[in-house]
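With compact mmCIF, C-alpha atoms and all ligand atoms inside, this is entry-v5.txt:
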```txt
# COMPACT_ATOMS: atom_id res chain seq x y z
CA MET A 147 -5.12 -47.72 31.69
CA SER A 148 -5.26 -51.30 32.88
CA GLU A 149 -2.40 -52.50 34.98
CA LEU A 150 -0.06 -54.16 32.57
CA PHE A 151 2.67 -55.17 34.91
CA GLY A 152 1.38 -57.08 37.89
CA ASP A 153 3.03 -59.56 40.18
CA PHE A 154 1.82 -62.44 38.03
CA ASP A 155 4.46 -64.96 38.94
CA LEU A 156 5.59 -67.19 36.18
CA HIS A 157 9.12 -68.26 36.81
CA ARG A 158 8.93 -71.28 39.04
CA LYS A 159 12.00 -70.77 41.19
CA GLY A 160 14.64 -72.18 38.87
CA GLN A 161 12.34 -74.69 37.20
CA PRO A 162 11.84 -74.44 33.42
CA LEU A 163 8.77 -72.67 32.10
CA ARG A 164 6.28 -75.34 31.00
CA LEU A 165 4.98 -74.19 27.65
CA ALA A 166 2.09 -75.06 25.33
CA ILE A 167 2.29 -73.74 21.77
CA LEU A 168 -1.00 -73.43 19.93
CA GLY A 169 -0.06 -73.40 16.25
CA CYS A 170 3.44 -74.88 16.59
CA THR A 171 3.76 -75.55 12.85
CA GLY A 172 3.34 -71.94 11.72
CA SER A 173 5.76 -69.07 11.37
CA ILE A 174 5.49 -67.87 14.99
CA GLY A 175 5.21 -71.44 16.29
CA SER A 176 8.37 -72.59 14.47
CA GLN A 177 10.35 -69.62 15.76
CA ALA A 178 9.13 -70.39 19.29
CA ILE A 179 10.35 -73.97 18.85
CA ASP A 180 13.73 -72.51 17.95
CA ILE A 181 13.77 -70.76 21.34
CA CYS A 182 12.78 -74.02 23.09
CA ARG A 183 15.77 -75.69 21.43
CA ARG A 184 18.12 -72.87 22.47
CA TYR A 185 17.01 -72.89 26.10
CA PRO A 186 16.09 -76.44 27.16
CA GLU A 187 16.97 -75.58 30.76
CA ARG A 188 14.60 -72.60 30.73
CA VAL A 189 11.69 -73.68 28.58
CA GLN A 190 10.10 -77.11 28.56
CA LEU A 191 7.72 -77.67 25.69
CA VAL A 192 4.89 -79.78 27.11
CA ALA A 193 2.08 -79.55 24.60
CA ALA A 194 1.49 -78.35 21.04
CA SER A 195 -1.18 -78.06 18.38
CA ALA A 196 -1.22 -78.15 14.59
CA HIS A 197 -4.03 -77.94 12.08
CA SER A 198 -2.87 -79.70 8.91
CA GLN A 199 0.85 -80.38 9.24
CA LEU A 200 0.63 -83.69 11.06
CA ASP A 201 4.10 -84.94 10.10
CA LYS A 202 5.74 -81.86 11.55
CA LEU A 203 3.68 -82.13 14.75
CA LEU A 204 4.63 -85.78 15.19
CA GLU A 205 8.32 -85.00 14.73
CA LEU A 206 8.08 -82.35 17.44
CA ALA A 207 6.20 -84.74 19.72
CA GLN A 208 9.09 -87.16 19.38
CA GLU A 209 11.83 -84.55 19.76
CA PHE A 210 10.36 -82.94 22.90
CA SER A 211 8.57 -86.04 24.34
CA LEU A 212 5.41 -83.97 24.40
CA ALA A 213 2.74 -84.91 26.94
CA ALA A 214 -0.19 -83.72 24.82
CA LEU A 215 -1.02 -82.94 21.20
CA ALA A 216 -4.01 -81.24 19.65
CA VAL A 217 -4.89 -81.62 15.98
CA THR A 218 -7.52 -79.04 15.13
CA ASP A 219 -8.42 -80.53 11.73
CA GLU A 220 -10.83 -83.21 12.91
CA THR A 221 -10.61 -85.13 9.64
CA LEU A 222 -7.11 -86.23 10.70
CA ALA A 223 -8.47 -88.11 13.74
CA GLY A 224 -8.19 -91.50 12.06
CA ASP A 225 -4.93 -90.84 10.23
CA GLU A 226 -2.62 -93.84 10.29
CA ARG A 227 0.45 -91.61 10.81
CA LEU A 228 -0.73 -91.13 14.41
CA SER A 229 0.38 -94.71 15.12
CA ARG A 230 3.96 -93.42 14.82
CA LEU A 231 3.70 -91.94 18.32
CA SER A 232 6.03 -94.17 20.26
CA HIS A 233 5.54 -92.65 23.72
CA SER A 234 2.41 -92.12 25.74
CA CYS A 235 0.96 -88.82 24.67
CA GLU A 236 -2.56 -87.46 25.07
CA LEU A 237 -4.23 -86.73 21.74
CA SER A 238 -7.26 -84.60 21.07
CA PHE A 239 -8.93 -83.26 17.95
CA GLY A 240 -10.94 -80.27 16.79
CA GLU A 241 -11.14 -76.66 17.86
CA LYS A 242 -11.98 -77.55 21.47
CA ALA A 243 -8.68 -79.42 21.75
CA LEU A 244 -6.95 -76.02 21.89
CA ASN A 245 -8.83 -75.22 25.10
CA GLU A 246 -7.77 -78.54 26.60
CA LEU A 247 -4.11 -77.72 25.99
CA ALA A 248 -4.58 -74.18 27.32
CA GLU A 249 -6.04 -75.43 30.59
CA ARG A 250 -3.61 -78.27 31.39
CA SER A 251 -2.30 -78.34 34.93
CA ASP A 252 1.24 -79.12 33.71
CA VAL A 253 1.35 -75.91 31.61
CA ASP A 254 2.47 -72.50 32.97
CA CYS A 255 2.41 -70.47 29.78
CA VAL A 256 0.39 -70.68 26.57
CA LEU A 257 1.74 -69.20 23.35
CA VAL A 258 -1.27 -68.51 21.13
CA ALA A 259 0.15 -68.65 17.62
CA VAL A 260 -2.79 -69.90 15.56
CA THR A 261 -4.10 -67.65 12.80
CA GLY A 262 -7.55 -66.13 12.87
CA LEU A 263 -10.40 -65.79 15.32
CA VAL A 264 -10.09 -69.48 16.19
CA GLY A 265 -7.48 -68.38 18.77
CA ILE A 266 -9.94 -66.46 20.92
CA TRP A 267 -11.55 -69.35 22.81
CA SER A 268 -8.27 -70.87 23.93
CA THR A 269 -6.84 -67.44 24.81
CA TYR A 270 -9.84 -66.90 27.06
CA ALA A 271 -9.56 -70.42 28.48
CA ALA A 272 -5.85 -69.92 29.27
CA LEU A 273 -6.53 -66.60 31.00
CA CYS A 274 -9.34 -68.10 33.08
CA ALA A 275 -7.11 -71.06 33.99
CA GLY A 276 -4.49 -68.63 35.35
CA LYS A 277 -1.80 -69.25 32.70
CA ARG A 278 0.51 -66.63 31.35
CA VAL A 279 -0.56 -65.93 27.80
CA ALA A 280 2.03 -64.97 25.23
CA CYS A 281 -0.41 -63.68 22.62
CA ALA A 282 0.57 -63.51 18.95
CA ASN A 283 -3.01 -64.01 17.77
CA LYS A 284 -4.13 -60.44 17.06
CA GLU A 285 -7.53 -61.43 15.64
CA ALA A 286 -8.63 -62.55 19.14
CA LEU A 287 -7.84 -59.15 20.62
CA VAL A 288 -9.44 -57.31 17.72
CA ALA A 289 -12.73 -59.20 17.98
CA GLY A 290 -12.92 -59.63 21.74
CA GLY A 291 -10.37 -57.31 23.34
CA ASP A 292 -12.80 -56.02 25.97
CA ILE A 293 -13.72 -59.51 27.10
CA LEU A 294 -10.15 -60.85 27.05
CA MET A 295 -8.65 -57.88 28.89
CA GLN A 296 -11.32 -58.16 31.58
CA ALA A 297 -10.32 -61.77 32.12
CA ALA A 298 -6.59 -60.95 32.29
CA ARG A 299 -4.90 -60.31 35.62
CA PRO A 300 -2.17 -57.65 35.65
CA GLY A 301 0.94 -59.06 34.02
CA GLN A 302 -0.82 -62.17 32.74
CA LEU A 303 -0.99 -61.33 29.04
CA ILE A 304 2.16 -60.37 27.17
CA PRO A 305 1.87 -59.33 23.53
CA VAL A 306 4.09 -61.07 20.97
CA ASP A 307 3.16 -58.90 17.99
CA SER A 308 6.39 -56.92 17.49
CA GLU A 309 4.82 -53.44 17.75
CA HIS A 310 2.93 -54.25 20.94
CA ASN A 311 5.84 -56.11 22.44
CA ALA A 312 7.93 -53.00 21.69
CA ILE A 313 5.41 -50.73 23.42
CA TYR A 314 5.24 -53.14 26.36
CA GLN A 315 9.02 -52.96 26.68
CA CYS A 316 8.92 -49.13 26.51
CA LEU A 317 6.38 -49.06 29.33
CA VAL A 318 8.27 -51.18 31.84
CA GLY A 319 8.94 -48.98 34.88
CA GLU A 320 6.76 -46.12 33.60
CA ASP A 321 3.71 -44.54 35.16
CA THR A 322 1.17 -45.02 32.40
CA ARG A 323 -0.66 -41.80 33.34
CA TYR A 324 2.12 -39.93 31.55
CA ILE A 325 1.64 -41.52 28.14
CA ASN A 326 0.76 -38.95 25.48
CA ARG A 327 0.72 -41.16 22.42
CA LEU A 328 1.58 -44.59 21.06
CA TRP A 329 3.38 -44.57 17.72
CA ILE A 330 2.88 -47.81 15.83
CA THR A 331 5.42 -48.29 13.08
CA CYS A 332 4.46 -49.84 9.76
CA SER A 333 6.78 -51.06 7.01
CA GLY A 334 4.24 -50.09 4.34
CA GLY A 335 4.44 -53.58 2.82
CA PRO A 336 5.36 -54.52 -0.76
CA PHE A 337 2.95 -52.03 -2.38
CA TRP A 338 3.95 -48.86 -0.60
CA GLY A 339 3.75 -45.92 -3.07
CA TRP A 340 1.42 -47.78 -5.44
CA SER A 341 -1.78 -46.18 -6.79
CA ARG A 342 -5.20 -47.68 -6.24
CA GLU A 343 -5.29 -48.70 -9.94
CA ALA A 344 -1.97 -50.50 -9.64
CA LEU A 345 -3.11 -52.23 -6.44
CA ALA A 346 -6.10 -53.64 -8.31
CA GLN A 347 -3.65 -55.58 -10.53
CA ALA A 348 -1.45 -56.91 -7.69
CA THR A 349 -1.04 -60.69 -7.67
CA PRO A 350 -0.95 -63.03 -4.65
CA GLU A 351 2.74 -63.77 -5.45
CA GLN A 352 3.59 -60.07 -5.24
CA ALA A 353 1.55 -59.65 -2.06
CA LEU A 354 3.27 -62.63 -0.43
CA ALA A 355 6.75 -61.13 -0.96
CA HIS A 356 7.03 -58.92 2.13
CA PRO A 357 10.14 -56.69 2.09
CA ASN A 358 11.18 -57.13 5.75
CA TRP A 359 9.41 -60.04 7.45
CA ALA A 360 8.85 -63.74 6.63
CA MET A 361 5.42 -64.56 8.08
CA GLY A 362 2.39 -66.78 7.49
CA ASP A 363 0.39 -66.11 4.32
CA LYS A 364 -2.66 -64.51 5.95
CA ILE A 365 -0.74 -61.85 7.88
CA THR A 366 1.54 -61.22 4.89
CA VAL A 367 -1.47 -60.30 2.75
CA ASP A 368 -2.84 -58.20 5.65
CA SER A 369 0.51 -56.39 5.63
CA ALA A 370 0.17 -55.72 1.90
CA THR A 371 -3.31 -54.14 2.29
CA LEU A 372 -2.32 -52.41 5.59
CA MET A 373 -5.26 -54.17 7.22
CA ASN A 374 -2.60 -55.61 9.52
CA LYS A 375 -1.85 -52.12 10.83
CA GLY A 376 -5.53 -51.45 11.38
CA LEU A 377 -5.83 -54.69 13.37
CA GLU A 378 -2.77 -53.62 15.35
CA VAL A 379 -4.26 -50.25 16.28
CA ILE A 380 -7.30 -52.03 17.71
CA GLU A 381 -4.99 -54.52 19.44
CA ALA A 382 -3.05 -51.63 21.02
CA HIS A 383 -6.26 -49.89 22.10
CA HIS A 384 -7.22 -52.97 24.13
CA LEU A 385 -3.82 -54.00 25.42
CA PHE A 386 -2.84 -50.54 26.62
CA SER A 387 -6.34 -49.09 27.27
CA MET A 388 -5.47 -46.23 24.96
CA ASP A 389 -7.95 -43.92 23.20
CA TYR A 390 -7.86 -44.17 19.43
CA ASP A 391 -7.02 -40.47 19.27
CA LYS A 392 -3.77 -41.25 21.04
CA ILE A 393 -2.59 -44.01 18.71
CA SER A 394 -0.81 -43.02 15.49
CA VAL A 395 0.50 -45.13 12.64
CA VAL A 396 3.77 -44.05 11.03
CA ILE A 397 5.31 -45.60 7.93
CA HIS A 398 8.87 -46.64 8.73
CA ARG A 399 10.17 -48.66 5.78
CA GLN A 400 13.23 -50.13 7.49
CA SER A 401 11.31 -51.95 10.30
CA LYS A 402 14.07 -51.25 12.79
CA ILE A 403 12.03 -49.18 15.24
CA HIS A 404 9.31 -51.59 16.28
CA SER A 405 7.15 -48.89 17.90
CA MET A 406 7.40 -45.91 20.23
CA VAL A 407 5.79 -44.32 23.26
CA GLU A 408 5.62 -40.55 23.62
CA PHE A 409 5.36 -39.23 27.18
CA ALA A 410 3.91 -36.00 28.61
CA ASP A 411 7.32 -34.33 28.95
CA GLY A 412 8.09 -34.76 25.24
CA SER A 413 10.39 -37.75 25.73
CA VAL A 414 9.91 -40.62 23.32
CA LYS A 415 11.00 -44.19 24.03
CA ALA A 416 11.51 -46.50 21.07
CA GLN A 417 12.28 -50.19 20.99
CA ILE A 418 14.82 -50.96 18.27
CA GLY A 419 16.09 -54.32 17.18
CA PRO A 420 16.63 -56.70 14.27
CA SER A 421 13.55 -57.64 12.22
CA ASP A 422 13.41 -61.05 13.89
CA MET A 423 10.22 -62.25 15.58
CA ARG A 424 12.19 -64.55 17.87
CA ILE A 425 13.09 -61.47 19.92
CA PRO A 426 9.50 -60.54 20.94
CA ILE A 427 8.53 -64.21 21.26
CA GLN A 428 11.47 -64.84 23.57
CA TYR A 429 10.74 -61.68 25.58
CA ALA A 430 7.15 -62.83 26.17
CA LEU A 431 8.55 -66.07 27.61
CA SER A 432 11.49 -64.62 29.55
CA TYR A 433 9.88 -61.46 31.02
CA PRO A 434 10.95 -60.02 33.45
CA GLU A 435 14.29 -61.66 32.58
CA ARG A 436 16.20 -61.02 29.36
CA TRP A 437 17.93 -63.97 27.77
CA ASP A 438 20.75 -63.83 25.22
CA ALA A 439 19.77 -62.62 21.76
CA PRO A 440 18.65 -65.23 19.23
CA ALA A 441 19.67 -62.85 16.41
CA GLU A 442 22.52 -60.55 15.44
CA PRO A 443 22.09 -57.13 17.09
CA VAL A 444 21.48 -54.00 15.03
CA ASP A 445 24.72 -52.42 13.80
CA PHE A 446 23.99 -48.69 13.89
CA LEU A 447 27.14 -47.93 11.90
CA SER A 448 25.82 -49.76 8.87
CA LEU A 449 22.10 -49.15 9.39
CA GLY A 450 21.73 -46.19 7.05
CA ASP A 451 18.86 -43.72 7.10
CA LEU A 452 15.59 -44.26 8.87
CA SER A 453 12.51 -42.75 7.23
CA PHE A 454 9.08 -41.79 8.56
CA SER A 455 5.89 -40.75 6.74
CA ALA A 456 2.11 -40.81 7.03
CA PRO A 457 0.05 -43.74 5.73
CA ASP A 458 -2.20 -43.14 2.72
CA VAL A 459 -5.62 -44.36 3.84
CA GLU A 460 -7.25 -43.45 0.53
CA VAL A 461 -5.15 -46.00 -1.33
CA PHE A 462 -4.91 -48.49 1.57
CA ARG A 463 -8.58 -48.33 2.53
CA ALA A 464 -8.43 -51.41 4.72
CA LEU A 465 -6.52 -49.37 7.29
CA ARG A 466 -9.22 -46.71 7.37
CA LEU A 467 -11.98 -49.34 7.63
CA ALA A 468 -10.28 -51.04 10.56
CA LEU A 469 -9.82 -47.69 12.34
CA ASP A 470 -13.53 -46.91 11.77
CA ALA A 471 -14.48 -50.32 13.17
CA GLY A 472 -12.25 -49.82 16.20
CA ARG A 473 -13.68 -46.39 16.98
CA THR A 474 -17.26 -47.67 16.62
CA GLY A 475 -16.47 -50.69 18.79
CA GLY A 476 -19.06 -53.23 19.96
CA SER A 477 -19.57 -56.09 17.52
CA LEU A 478 -18.15 -54.18 14.50
CA PRO A 479 -14.43 -55.04 14.92
CA CYS A 480 -15.38 -58.73 15.14
CA VAL A 481 -17.42 -58.47 11.93
CA MET A 482 -14.71 -56.47 10.17
CA ASN A 483 -12.12 -59.10 11.16
CA ALA A 484 -14.25 -62.01 9.95
CA ALA A 485 -14.95 -60.32 6.60
CA ASN A 486 -11.25 -59.69 6.20
CA GLU A 487 -10.35 -63.32 6.97
CA ILE A 488 -12.71 -64.51 4.22
CA ALA A 489 -11.67 -61.85 1.69
CA ASN A 490 -7.96 -62.31 2.41
CA GLU A 491 -8.27 -66.04 1.72
CA ALA A 492 -10.29 -65.41 -1.44
CA PHE A 493 -7.53 -63.12 -2.73
CA ARG A 494 -4.85 -65.72 -1.97
CA GLN A 495 -6.91 -68.28 -3.89
CA GLY A 496 -7.11 -65.92 -6.86
CA THR A 497 -10.90 -65.45 -6.54
CA ILE A 498 -10.94 -61.69 -5.94
CA SER A 499 -8.48 -58.84 -6.49
CA LEU A 500 -6.46 -57.18 -3.75
CA VAL A 501 -8.76 -54.14 -3.72
CA GLY A 502 -11.68 -56.58 -3.57
CA ILE A 503 -10.59 -57.29 0.00
CA ASP A 504 -11.46 -53.84 1.31
CA GLU A 505 -14.60 -53.79 -0.83
CA VAL A 506 -15.85 -56.97 0.86
CA VAL A 507 -14.89 -55.67 4.30
CA GLU A 508 -16.61 -52.33 3.73
CA ARG A 509 -19.82 -53.89 2.43
CA VAL A 510 -20.02 -56.36 5.31
CA MET A 511 -19.42 -53.55 7.81
CA ASP A 512 -22.13 -51.44 6.12
CA ALA A 513 -24.60 -54.31 6.30
CA HIS A 514 -23.95 -54.93 9.99
CA ASP A 515 -26.19 -53.69 12.78
CA THR A 516 -23.55 -52.95 15.44
CA ARG A 517 -24.45 -53.91 19.00
CA PRO A 518 -22.56 -53.65 22.29
CA LEU A 519 -20.49 -56.79 22.74
CA GLU A 520 -22.09 -59.13 25.27
CA ASP A 521 -19.95 -62.23 25.60
CA LEU A 522 -17.98 -64.84 23.67
CA ASP A 523 -21.16 -66.35 22.31
CA HIS A 524 -22.08 -62.98 20.81
CA ILE A 525 -18.66 -62.97 19.13
CA ARG A 526 -19.29 -66.44 17.72
CA ARG A 527 -22.65 -65.35 16.27
CA SER A 528 -21.38 -62.06 14.84
CA ASP A 529 -18.35 -63.82 13.35
CA ALA A 530 -20.53 -66.50 11.72
CA TRP A 531 -22.90 -63.90 10.24
CA ALA A 532 -20.00 -61.86 8.83
CA ARG A 533 -18.36 -64.90 7.27
CA THR A 534 -21.56 -65.95 5.52
CA THR A 535 -22.16 -62.41 4.26
CA ALA A 536 -18.54 -62.04 3.12
CA ARG A 537 -18.65 -65.37 1.24
CA GLU A 538 -21.71 -64.19 -0.71
CA LEU A 539 -19.93 -60.97 -1.66
CA VAL A 540 -16.83 -62.89 -2.69
CA LYS A 541 -18.99 -64.93 -5.08
CA GLU A 542 -20.41 -61.72 -6.50
CA LEU A 543 -16.96 -60.18 -7.00
CA SER A 544 -15.13 -63.30 -8.15
CA CYS A 545 -12.87 -62.55 -11.07
P1 LIG A 601 0.94 -69.29 10.04
O1 LIG A 601 -0.07 -69.35 8.96
O2 LIG A 601 2.37 -69.42 9.68
O3 LIG A 601 0.63 -70.45 11.11
C1 LIG A 601 -0.66 -70.63 11.59
C2 LIG A 601 -0.71 -71.76 12.61
O4 LIG A 601 -2.08 -71.97 12.97
C3 LIG A 601 -0.20 -73.10 12.08
O5 LIG A 601 0.33 -73.84 13.15
C4 LIG A 601 -1.49 -73.77 11.57
O6 LIG A 601 -1.42 -75.19 11.58
C5 LIG A 601 -2.48 -73.30 12.60
N1 LIG A 601 -3.83 -73.21 12.06
C6 LIG A 601 -4.21 -72.90 10.80
N2 LIG A 601 -5.54 -72.95 10.68
C7 LIG A 601 -6.02 -73.32 11.89
C8 LIG A 601 -7.33 -73.57 12.41
N3 LIG A 601 -8.42 -73.46 11.66
N4 LIG A 601 -7.45 -73.94 13.70
C9 LIG A 601 -6.35 -74.04 14.49
N5 LIG A 601 -5.08 -73.84 14.06
C10 LIG A 601 -4.94 -73.46 12.78
O7 LIG A 601 0.66 -67.96 10.85
P2 LIG A 601 1.69 -67.02 11.63
O8 LIG A 601 2.57 -67.85 12.50
O9 LIG A 601 2.29 -66.07 10.68
O10 LIG A 601 0.69 -66.15 12.54
C11 LIG A 601 0.07 -66.69 13.71
C12 LIG A 601 -0.61 -65.54 14.46
O11 LIG A 601 0.39 -64.64 14.90
C13 LIG A 601 -1.57 -64.71 13.59
O12 LIG A 601 -2.65 -64.28 14.37
C14 LIG A 601 -0.72 -63.52 13.16
O13 LIG A 601 -1.49 -62.37 12.91
C15 LIG A 601 0.15 -63.33 14.40
N6 LIG A 601 1.43 -62.68 14.14
C16 LIG A 601 2.33 -63.27 13.30
C17 LIG A 601 3.55 -62.67 13.03
C18 LIG A 601 4.60 -63.33 12.18
O14 LIG A 601 5.71 -62.82 12.08
N7 LIG A 601 4.31 -64.46 11.55
C19 LIG A 601 3.87 -61.35 13.60
C20 LIG A 601 2.88 -60.84 14.50
C21 LIG A 601 1.69 -61.49 14.75
P3 LIG A 601 -0.87 -76.03 10.28
O15 LIG A 601 0.37 -75.31 9.81
O16 LIG A 601 -0.58 -77.38 10.87
O17 LIG A 601 -1.97 -76.05 9.27
MG MG A 602 3.03 -56.58 13.95
```

Whole structure, structure tokens version:
Amino acid sequence: MSELFGDFDLHRKGQPLRLAILGCTGSIGSQAIDICRRYPERVQLVAASAHSQLDKLLELAQEFSLAALAVTDETLAGDERLSRLSHSCELSFGEKALNELAERSDVDCVLVAVTGLVGIWSTYAALCAGKRVACANKEALVAGGDILMQAARPGQLIPVDSEHNAIYQCLVGEDTRYINRLWITCSGGPFWGWSREALAQATPEQALAHPNWAMGDKITVDSATLMNKGLEVIEAHHLFSMDYDKISVVIHRQSKIHSMVEFADGSVKAQIGPSDMRIPIQYALSYPERWDAPAEPVDFLSLGDLSFSAPDVEVFRALRLALDAGRTGGSLPCVMNAANEIANEAFRQGTISLVGIDEVVERVMDAHDTRPLEDLDHIRRSDAWARTTARELVKELSC
């Protein structure tokens, strides 16, 4: 097990944490902004990126007097709204602009909250530049976990994903040699209990109505297919250097237990809290401190029953495919992730059915010649191949 908790010093002796948010306009990004507003004496937002929501980015630049902005959609480079910036602020465009923010000397911590593999290059850049990385972007860890974890010093990377943040919290102060098993909880999503035939008829509107969490569209659809849980098992494998045999998924409809760690002596530690992503985001910024709760605490007297059951991987095949990809390793998780990104988007656009997502993923995985992962460039090539192959299959399946 890699050393999770090192002496990576972040808190600058009473000075606020200087933060860059990559993807400040999204669900995670907006909730992180909420924390910046709550704790101006503890967190200083220095830099932020957006892809398409330029107005929102410019408002934030004004509100926080940001020193640097990145707009990843290059077509916005000449947009006249940029002239609204009334203070001096560095501006950069395109995917590479994320790396520039991640490496800035006036940034201590980078919150990676963009969606999709696009987050991997800046996550790597931030790690190499010695920043703390609060990582929400699971696709980066799925595709390149080996490479990212090798670049991370102990204590440098703190997971934001609620399950992994929960496990991280359970492991503080523990000797990791005594871990028996990681239990990753899963709400089951909006289609829990549905048959495969019923799933084939599910609409994007139904898939986007998650019972417990309000999240970005891509992850919400991943939660409906249970691909999200598959990605999270791979994420946990890398973050906690845990064998796949020692990671279990358990359906827990209420989303109150965010995950659990079982130890050799039979003790199990669980992290329990409200279904509010601001809690893990804040923890990733405050660690090793704990700041006041941004949400109402759980009231155990009115909580009701908590339920647990096994996932059905015959109906939710995406989970099984992701587990297969994780166990095989090498370039396959990267390819599986890329195929899923394309198929997920095609479903949201109404081009393929929900079950078409796992069909595309499976066929792209079958067509792939898995190789040991070499470096980031290998990831870029495998990702590009998988996207092209997935797009062709989407055309074939389009309804
Ligand atoms: P959203 O879709 O809400 O936000 C995505 C962010 O990324 C936005 O700021 C968006 O900019 C930006 N973005 C979109 N496309 C690109 C691109 N091509 N290049 C660079 N930036 C881009 O996503 P979420 O906040 O829900 O999720 C972010 C990450 O966190 C994902 O990896 C997700 O799996 C993970 N996560 C999310 C959770 C949640 O509760 N939402 C929980 C656990 C993990 P713009 O809006 O300006 O277009
Ligand atoms: Mg999660």

Counting all atoms listed in the file, what are the residues of chain A within 8 Å of ligand MG 602 (chain A), and for each of them which pair of atoms is the nearest and at what distance in Å, to one decimal? Sort the table by chain and rising number, as JSON lines.
```
{"residue": "A:Asp307", "atom": "CA", "partner": "A:MG602", "partner_atom": "MG", "distance": 4.7}
{"residue": "A:Ser308", "atom": "CA", "partner": "A:MG602", "partner_atom": "MG", "distance": 4.9}
{"residue": "A:Glu309", "atom": "CA", "partner": "A:MG602", "partner_atom": "MG", "distance": 5.2}
{"residue": "A:His310", "atom": "CA", "partner": "A:MG602", "partner_atom": "MG", "distance": 7.4}
{"residue": "A:Asn374", "atom": "CA", "partner": "A:MG602", "partner_atom": "MG", "distance": 7.2}
{"residue": "A:Lys375", "atom": "CA", "partner": "A:MG602", "partner_atom": "MG", "distance": 7.3}
{"residue": "A:Glu378", "atom": "CA", "partner": "A:MG602", "partner_atom": "MG", "distance": 6.7}
```

Just want the 12 Å neighbourhood of Glu343 (chain A), counted on only C-alpha atoms, with same-chain residues fewer than 4 positions away dropped. Output as a ChimeraX atom specification. /A:337,339,347-348,460-462,499-502

Selection as an NGL selection string: residues within 6 Å of ligand LIG 601 (chain A) by all atoms listed in the file: :A and (169-175 or 196-199 or 218 or 259-262 or 264 or 282-285 or 307 or 361-363 or 365 or 423)

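Comparing A:Ala485, A:Ala370, A:Ile403, A:Leu478 by their smallest distance to Gln417 (chain A), the closest is A:Ile403 (using all atoms listed in the file).
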
Here's a test: counting all atoms listed in the file, identify every protein, DNA and RNA residue with an atom at most 10 Å from (6.8, -53.8, 24.3) in the file's coordinate frame, and state them as number ranges by chain. A: 304-318, 404-407, 416-417, 426, 429-430

Once you have the residues from the selection above, write them out as a PDB file, in the coordinates of the input, restricted to C-alpha atoms.
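Generated file (part-v9.pdb):
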```
ATOM      1  CA  ILE A 304       2.160 -60.370  27.170  1.00  0.00           C
ATOM      2  CA  PRO A 305       1.870 -59.330  23.530  1.00  0.00           C
ATOM      3  CA  VAL A 306       4.090 -61.070  20.970  1.00  0.00           C
ATOM      4  CA  ASP A 307       3.160 -58.900  17.990  1.00  0.00           C
ATOM      5  CA  SER A 308       6.390 -56.920  17.490  1.00  0.00           C
ATOM      6  CA  GLU A 309       4.820 -53.440  17.750  1.00  0.00           C
ATOM      7  CA  HIS A 310       2.930 -54.250  20.940  1.00  0.00           C
ATOM      8  CA  ASN A 311       5.840 -56.110  22.440  1.00  0.00           C
ATOM      9  CA  ALA A 312       7.930 -53.000  21.690  1.00  0.00           C
ATOM     10  CA  ILE A 313       5.410 -50.730  23.420  1.00  0.00           C
ATOM     11  CA  TYR A 314       5.240 -53.140  26.360  1.00  0.00           C
ATOM     12  CA  GLN A 315       9.020 -52.960  26.680  1.00  0.00           C
ATOM     13  CA  CYS A 316       8.920 -49.130  26.510  1.00  0.00           C
ATOM     14  CA  LEU A 317       6.380 -49.060  29.330  1.00  0.00           C
ATOM     15  CA  VAL A 318       8.270 -51.180  31.840  1.00  0.00           C
ATOM     16  CA  HIS A 404       9.310 -51.590  16.280  1.00  0.00           C
ATOM     17  CA  SER A 405       7.150 -48.890  17.900  1.00  0.00           C
ATOM     18  CA  MET A 406       7.400 -45.910  20.230  1.00  0.00           C
ATOM     19  CA  VAL A 407       5.790 -44.320  23.260  1.00  0.00           C
ATOM     20  CA  ALA A 416      11.510 -46.500  21.070  1.00  0.00           C
ATOM     21  CA  GLN A 417      12.280 -50.190  20.990  1.00  0.00           C
ATOM     22  CA  PRO A 426       9.500 -60.540  20.940  1.00  0.00           C
ATOM     23  CA  TYR A 429      10.740 -61.680  25.580  1.00  0.00           C
ATOM     24  CA  ALA A 430       7.150 -62.830  26.170  1.00  0.00           C
TER      25      ALA A 430
END
```

Identify, on the basis of all atoms listed in the file, every residue whose closest approach to Ser421 (chain A) does not exceed 9 Å; exclude the query and any residue fewer than 4 positions from it along the same chain; express the result as a ChimeraX atom specification. /A:308,358-359,400-402,404,425

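Across the structure, CA of Asp504 (chain A) and CA of Ala464 (chain A) are spaced 5.2 Å apart.
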
I'd like the contact shell of region 298-300 of chain A - 6 Å cut-off, all atoms listed in the file, skipping same-chain residues fewer than 5 positions apart - returned as a ChimeraX atom specification. /A:149-152,273

Please determine, counting all atoms listed in the file, which residue among A:Thr269, A:Ser229, A:Thr371, A:Gln190 has the shortest atom-to-atom distance to Gly291 (chain A).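 Of A:Thr269, A:Ser229, A:Thr371, A:Gln190, the one nearest Gly291 (chain A) is A:Thr269, counting all atoms listed in the file.
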
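Closest approach to Met373 (chain A) among A:Glu487, A:Asp180, A:Asp252, A:Asp292: A:Glu487, based on only C-alpha atoms.
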
Counting only C-alpha atoms, the residue of A:Gln495, A:Gln208, A:Ser477, A:Ser195 that sits nearest Thr349 (chain A):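 Among A:Gln495, A:Gln208, A:Ser477, A:Ser195, it is A:Gln495 that comes nearest to Thr349 (chain A).
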
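The coordinates place CA of Pro479 (chain A) at 13.4 Å from CA of Ala530 (chain A).
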
Please determine, counting all atoms listed in the file, which residue among A:Leu328, A:Tyr390, A:Asp368, A:Ser341 has the shortest atom-to-atom distance to Ile503 (chain A). A:Asp368
